[in-house]
$ cat my_file09.txt   # compact mmCIF, N, CA and C atoms
# COMPACT_ATOMS: atom_id res chain seq x y z
N MET A 1 41.80 -20.66 -14.24
CA MET A 1 42.57 -21.88 -14.09
C MET A 1 41.64 -23.10 -14.02
N ARG A 2 40.47 -22.95 -13.45
CA ARG A 2 39.52 -24.05 -13.29
C ARG A 2 39.04 -24.55 -14.65
N ARG A 3 38.80 -23.64 -15.58
CA ARG A 3 38.30 -24.01 -16.90
C ARG A 3 39.35 -24.82 -17.66
N GLN A 4 40.61 -24.45 -17.52
CA GLN A 4 41.67 -25.17 -18.23
C GLN A 4 41.81 -26.60 -17.70
N SER A 5 41.70 -26.80 -16.39
CA SER A 5 41.81 -28.15 -15.85
C SER A 5 40.61 -29.00 -16.28
N ARG A 6 39.44 -28.40 -16.43
CA ARG A 6 38.26 -29.13 -16.90
C ARG A 6 38.45 -29.56 -18.36
N THR A 7 39.08 -28.73 -19.16
CA THR A 7 39.34 -29.07 -20.55
C THR A 7 40.26 -30.28 -20.64
N TRP A 8 41.32 -30.29 -19.84
CA TRP A 8 42.24 -31.43 -19.85
C TRP A 8 41.54 -32.69 -19.37
N PHE A 9 40.65 -32.56 -18.41
CA PHE A 9 39.89 -33.71 -17.93
C PHE A 9 39.08 -34.33 -19.06
N TRP A 10 38.40 -33.51 -19.84
CA TRP A 10 37.57 -34.02 -20.93
C TRP A 10 38.41 -34.62 -22.05
N ILE A 11 39.58 -34.06 -22.31
CA ILE A 11 40.47 -34.63 -23.31
C ILE A 11 40.95 -36.01 -22.87
N ILE A 12 41.30 -36.14 -21.59
CA ILE A 12 41.75 -37.44 -21.06
C ILE A 12 40.61 -38.44 -21.09
N VAL A 13 39.40 -38.02 -20.74
CA VAL A 13 38.24 -38.92 -20.78
C VAL A 13 37.97 -39.37 -22.21
N LEU A 14 38.07 -38.46 -23.16
CA LEU A 14 37.84 -38.80 -24.57
C LEU A 14 38.86 -39.81 -25.07
N VAL A 15 40.12 -39.60 -24.76
CA VAL A 15 41.17 -40.53 -25.20
C VAL A 15 41.02 -41.89 -24.51
N ALA A 16 40.73 -41.87 -23.20
CA ALA A 16 40.57 -43.13 -22.48
C ALA A 16 39.37 -43.93 -23.01
N GLY A 17 38.29 -43.25 -23.32
CA GLY A 17 37.13 -43.93 -23.88
C GLY A 17 37.41 -44.50 -25.25
N ALA A 18 38.15 -43.76 -26.07
CA ALA A 18 38.49 -44.25 -27.40
C ALA A 18 39.40 -45.47 -27.33
N VAL A 19 40.36 -45.44 -26.41
CA VAL A 19 41.27 -46.59 -26.26
C VAL A 19 40.50 -47.81 -25.75
N ALA A 20 39.68 -47.62 -24.72
CA ALA A 20 38.91 -48.74 -24.17
C ALA A 20 37.94 -49.30 -25.21
N GLY A 21 37.29 -48.43 -25.95
CA GLY A 21 36.37 -48.89 -26.98
C GLY A 21 37.07 -49.60 -28.12
N SER A 22 38.26 -49.14 -28.47
CA SER A 22 39.02 -49.81 -29.53
C SER A 22 39.42 -51.22 -29.10
N ILE A 23 39.78 -51.37 -27.83
CA ILE A 23 40.11 -52.70 -27.32
C ILE A 23 38.88 -53.60 -27.36
N VAL A 24 37.74 -53.07 -26.92
CA VAL A 24 36.50 -53.84 -26.96
C VAL A 24 36.14 -54.21 -28.41
N GLY A 25 36.31 -53.28 -29.32
CA GLY A 25 36.02 -53.55 -30.73
C GLY A 25 36.89 -54.64 -31.32
N GLU A 26 38.17 -54.64 -30.96
CA GLU A 26 39.07 -55.68 -31.47
C GLU A 26 38.74 -57.04 -30.85
N VAL A 27 38.40 -57.06 -29.57
CA VAL A 27 38.07 -58.32 -28.91
C VAL A 27 36.78 -58.91 -29.48
N LEU A 28 35.80 -58.06 -29.74
CA LEU A 28 34.51 -58.53 -30.24
C LEU A 28 34.42 -58.57 -31.77
N SER A 29 35.54 -58.37 -32.45
CA SER A 29 35.49 -58.33 -33.92
C SER A 29 35.11 -59.67 -34.53
N SER A 30 35.38 -60.77 -33.85
CA SER A 30 34.97 -62.07 -34.40
C SER A 30 33.46 -62.29 -34.25
N VAL A 31 32.85 -61.68 -33.24
CA VAL A 31 31.41 -61.81 -33.02
C VAL A 31 30.63 -60.82 -33.87
N ALA A 32 31.08 -59.56 -33.85
CA ALA A 32 30.42 -58.49 -34.61
C ALA A 32 31.49 -57.72 -35.39
N PRO A 33 31.78 -58.11 -36.62
CA PRO A 33 32.86 -57.50 -37.38
C PRO A 33 32.68 -55.99 -37.61
N VAL A 34 31.45 -55.50 -37.54
CA VAL A 34 31.22 -54.08 -37.79
C VAL A 34 31.88 -53.21 -36.70
N LEU A 35 32.08 -53.76 -35.51
CA LEU A 35 32.69 -52.99 -34.42
C LEU A 35 34.16 -52.68 -34.68
N ALA A 36 34.82 -53.51 -35.47
CA ALA A 36 36.24 -53.31 -35.73
C ALA A 36 36.50 -52.42 -36.95
N ARG A 37 35.46 -52.05 -37.68
CA ARG A 37 35.64 -51.19 -38.85
C ARG A 37 35.96 -49.79 -38.38
N GLY A 38 36.90 -49.16 -39.04
CA GLY A 38 37.27 -47.82 -38.63
C GLY A 38 38.09 -47.12 -39.68
N PHE A 39 38.80 -46.10 -39.25
CA PHE A 39 39.63 -45.32 -40.16
C PHE A 39 40.88 -44.85 -39.43
N THR A 40 41.88 -44.46 -40.21
CA THR A 40 43.15 -43.99 -39.67
C THR A 40 43.44 -42.61 -40.24
N VAL A 41 43.84 -41.69 -39.37
CA VAL A 41 44.26 -40.36 -39.80
C VAL A 41 45.63 -40.10 -39.19
N GLY A 42 46.41 -39.28 -39.86
CA GLY A 42 47.72 -38.94 -39.33
C GLY A 42 48.67 -38.51 -40.43
N LEU A 43 49.93 -38.42 -40.08
CA LEU A 43 50.97 -38.05 -41.03
C LEU A 43 51.57 -39.32 -41.61
N GLN A 44 51.40 -39.53 -42.90
CA GLN A 44 51.96 -40.70 -43.58
C GLN A 44 52.74 -40.23 -44.79
N PRO A 45 53.98 -40.34 -44.92
CA PRO A 45 54.99 -40.75 -43.95
C PRO A 45 55.24 -39.63 -42.94
N PRO A 46 55.93 -39.93 -41.86
CA PRO A 46 56.20 -38.89 -40.86
C PRO A 46 56.99 -37.73 -41.44
N PHE A 47 56.79 -36.57 -40.88
CA PHE A 47 57.49 -35.35 -41.30
C PHE A 47 58.88 -35.35 -40.69
N VAL A 48 59.92 -35.19 -41.51
CA VAL A 48 61.31 -35.20 -41.05
C VAL A 48 61.91 -33.83 -41.28
N LEU A 49 62.48 -33.25 -40.22
CA LEU A 49 63.16 -31.96 -40.30
C LEU A 49 64.64 -32.21 -40.06
N ASP A 50 65.45 -32.04 -41.10
CA ASP A 50 66.89 -32.28 -41.00
C ASP A 50 67.60 -30.93 -40.96
N LEU A 51 68.24 -30.61 -39.83
CA LEU A 51 68.94 -29.34 -39.65
C LEU A 51 70.45 -29.50 -39.74
N ASN A 52 70.91 -30.60 -40.28
CA ASN A 52 72.31 -30.93 -40.49
C ASN A 52 73.05 -31.21 -39.18
N VAL A 53 72.59 -30.72 -38.08
CA VAL A 53 73.19 -31.02 -36.78
C VAL A 53 72.30 -32.00 -36.03
N VAL A 54 71.02 -31.80 -36.18
CA VAL A 54 70.05 -32.65 -35.52
C VAL A 54 68.92 -32.93 -36.51
N SER A 55 68.36 -34.12 -36.40
CA SER A 55 67.25 -34.50 -37.26
C SER A 55 66.04 -34.80 -36.36
N LEU A 56 64.93 -34.15 -36.66
CA LEU A 56 63.71 -34.35 -35.90
C LEU A 56 62.67 -35.02 -36.77
N THR A 57 62.01 -36.02 -36.21
CA THR A 57 60.96 -36.73 -36.93
C THR A 57 59.65 -36.55 -36.17
N PHE A 58 58.65 -36.04 -36.87
CA PHE A 58 57.33 -35.83 -36.28
C PHE A 58 56.35 -36.79 -36.95
N GLY A 59 55.60 -37.49 -36.14
CA GLY A 59 54.61 -38.40 -36.69
C GLY A 59 53.45 -38.56 -35.72
N PHE A 60 52.29 -38.79 -36.28
CA PHE A 60 51.09 -38.97 -35.47
C PHE A 60 50.11 -39.81 -36.27
N THR A 61 49.60 -40.87 -35.66
CA THR A 61 48.61 -41.69 -36.31
C THR A 61 47.52 -42.02 -35.30
N LEU A 62 46.30 -41.85 -35.71
CA LEU A 62 45.14 -42.16 -34.86
C LEU A 62 44.27 -43.15 -35.61
N HIS A 63 44.05 -44.30 -35.00
CA HIS A 63 43.17 -45.31 -35.58
C HIS A 63 41.96 -45.44 -34.67
N LEU A 64 40.81 -45.11 -35.18
CA LEU A 64 39.58 -45.15 -34.39
C LEU A 64 38.59 -46.08 -35.07
N ASN A 65 37.98 -46.97 -34.29
CA ASN A 65 36.95 -47.84 -34.85
C ASN A 65 35.59 -47.47 -34.26
N LEU A 66 34.56 -48.12 -34.73
CA LEU A 66 33.20 -47.79 -34.33
C LEU A 66 32.99 -47.99 -32.83
N ALA A 67 33.49 -49.07 -32.29
CA ALA A 67 33.32 -49.33 -30.86
C ALA A 67 34.03 -48.27 -30.03
N GLY A 68 35.20 -47.82 -30.47
CA GLY A 68 35.93 -46.78 -29.75
C GLY A 68 35.16 -45.48 -29.71
N ALA A 69 34.54 -45.13 -30.82
CA ALA A 69 33.76 -43.89 -30.87
C ALA A 69 32.53 -43.99 -29.98
N VAL A 70 31.86 -45.14 -29.97
CA VAL A 70 30.66 -45.31 -29.17
C VAL A 70 30.99 -45.28 -27.67
N VAL A 71 32.04 -45.99 -27.27
CA VAL A 71 32.41 -46.01 -25.85
C VAL A 71 32.86 -44.63 -25.40
N ALA A 72 33.62 -43.92 -26.21
CA ALA A 72 34.05 -42.56 -25.85
C ALA A 72 32.84 -41.65 -25.69
N LEU A 73 31.90 -41.74 -26.59
CA LEU A 73 30.69 -40.92 -26.50
C LEU A 73 29.88 -41.25 -25.26
N LEU A 74 29.70 -42.53 -24.96
CA LEU A 74 28.95 -42.93 -23.78
C LEU A 74 29.64 -42.48 -22.50
N LEU A 75 30.96 -42.59 -22.45
CA LEU A 75 31.71 -42.15 -21.28
C LEU A 75 31.57 -40.66 -21.05
N ILE A 76 31.62 -39.89 -22.11
CA ILE A 76 31.46 -38.44 -21.99
C ILE A 76 30.04 -38.10 -21.54
N LEU A 77 29.04 -38.78 -22.09
CA LEU A 77 27.66 -38.53 -21.68
C LEU A 77 27.42 -38.89 -20.22
N LEU A 78 27.98 -40.00 -19.76
CA LEU A 78 27.80 -40.41 -18.37
C LEU A 78 28.51 -39.49 -17.40
N LEU A 79 29.71 -39.06 -17.72
CA LEU A 79 30.47 -38.18 -16.83
C LEU A 79 30.03 -36.73 -16.92
N GLY A 80 29.34 -36.39 -17.99
CA GLY A 80 28.90 -35.01 -18.18
C GLY A 80 27.68 -34.64 -17.37
N ARG A 81 27.02 -35.61 -16.80
CA ARG A 81 25.80 -35.33 -16.02
C ARG A 81 26.12 -34.70 -14.72

$ encode --input "my_file09.txt" --output "structure tokens"
Amino acid sequence: MRRQSRTWFWIIVLVAGAVAGSIVGEVLSSVAPVLARGFTVGLQPPFVLDLNVVSLTFGFTLHLNLAGAVVALLLILLLGR
């Protein structure tokens, strides 16, 4: 059980670092435009499952920029010690 909770901790740290870094990258994009450069992955268009009684739509998009990746990596390195 301990190993599973540690895995969730690292996933949360990774996502939090990516979000914080993306915010920093967008704020500093006028000073250093390279920080805002990134890529988007996900389902385009979203997957729709129509069962005639209920319709389910699945979609996921992740936009990561350079600053988000750097901050997430630094956060993991600092907390991993």

$ residues_around --input "my_file09.txt" --residues "segment 29-45 of chain A" --least-positions-apart "6" --cutoff "6 Å" --atoms "only N, CA and C atoms" --output "JSON, numbers by chain"
{"A": [59, 60, 61, 62, 63, 64, 65, 66, 67]}

$ write_last_selection --input "my_file09.txt" --atoms "N, CA and C atoms" --output "PDB file, in the coordinates of the input"
ATOM      1  N   GLY A  59      55.600 -37.490 -36.140  1.00  0.00           N
ATOM      2  CA  GLY A  59      54.610 -38.400 -36.690  1.00  0.00           C
ATOM      3  C   GLY A  59      53.450 -38.560 -35.720  1.00  0.00           C
ATOM      4  N   PHE A  60      52.290 -38.790 -36.280  1.00  0.00           N
ATOM      5  CA  PHE A  60      51.090 -38.970 -35.470  1.00  0.00           C
ATOM      6  C   PHE A  60      50.110 -39.810 -36.270  1.00  0.00           C
ATOM      7  N   THR A  61      49.600 -40.870 -35.660  1.00  0.00           N
ATOM      8  CA  THR A  61      48.610 -41.690 -36.310  1.00  0.00           C
ATOM      9  C   THR A  61      47.520 -42.020 -35.300  1.00  0.00           C
ATOM     10  N   LEU A  62      46.300 -41.850 -35.710  1.00  0.00           N
ATOM     11  CA  LEU A  62      45.140 -42.160 -34.860  1.00  0.00           C
ATOM     12  C   LEU A  62      44.270 -43.150 -35.610  1.00  0.00           C
ATOM     13  N   HIS A  63      44.050 -44.300 -35.000  1.00  0.00           N
ATOM     14  CA  HIS A  63      43.170 -45.310 -35.580  1.00  0.00           C
ATOM     15  C   HIS A  63      41.960 -45.440 -34.670  1.00  0.00           C
ATOM     16  N   LEU A  64      40.810 -45.110 -35.180  1.00  0.00           N
ATOM     17  CA  LEU A  64      39.580 -45.150 -34.390  1.00  0.00           C
ATOM     18  C   LEU A  64      38.590 -46.080 -35.070  1.00  0.00           C
ATOM     19  N   ASN A  65      37.980 -46.970 -34.290  1.00  0.00           N
ATOM     20  CA  ASN A  65      36.950 -47.840 -34.850  1.00  0.00           C
ATOM     21  C   ASN A  65      35.590 -47.470 -34.260  1.00  0.00           C
ATOM     22  N   LEU A  66      34.560 -48.120 -34.730  1.00  0.00           N
ATOM     23  CA  LEU A  66      33.200 -47.790 -34.330  1.00  0.00           C
ATOM     24  C   LEU A  66      32.990 -47.990 -32.830  1.00  0.00           C
ATOM     25  N   ALA A  67      33.490 -49.070 -32.290  1.00  0.00           N
ATOM     26  CA  ALA A  67      33.320 -49.330 -30.860  1.00  0.00           C
ATOM     27  C   ALA A  67      34.030 -48.270 -30.030  1.00  0.00           C
TER      28      ALA A  67
END

$ select_by_dssp --input "my_file09.txt" --residues "chain A" --states "alpha helix (DSSP H)" --output "ChimeraX atom specification"
/A:2-27,66-79

$ closest_residue --input "my_file09.txt" --among "A:Val70, A:Thr7, A:Ser55, A:Val48" --to "Gly21 of chain A" --atoms "all atoms listed in the file"
A:Val70

$ select_by_dssp --input "my_file09.txt" --residues "chain A" --states "strand (DSSP E or B)" --output "VMD selection string"
chain A and resid 38 to 42 47 to 50 55 to 58 61 to 65

$ atom_distance --input "my_file09.txt" --atom1 "atom CA of Val71 of chain A" --atom2 "atom C of Gly17 of chain A"
5.3 Å

$ atom_distance --input "my_file09.txt" --atom1 "atom C of Ser22 of chain A" --atom2 "atom CA of Ala72 of chain A"
10.7 Å
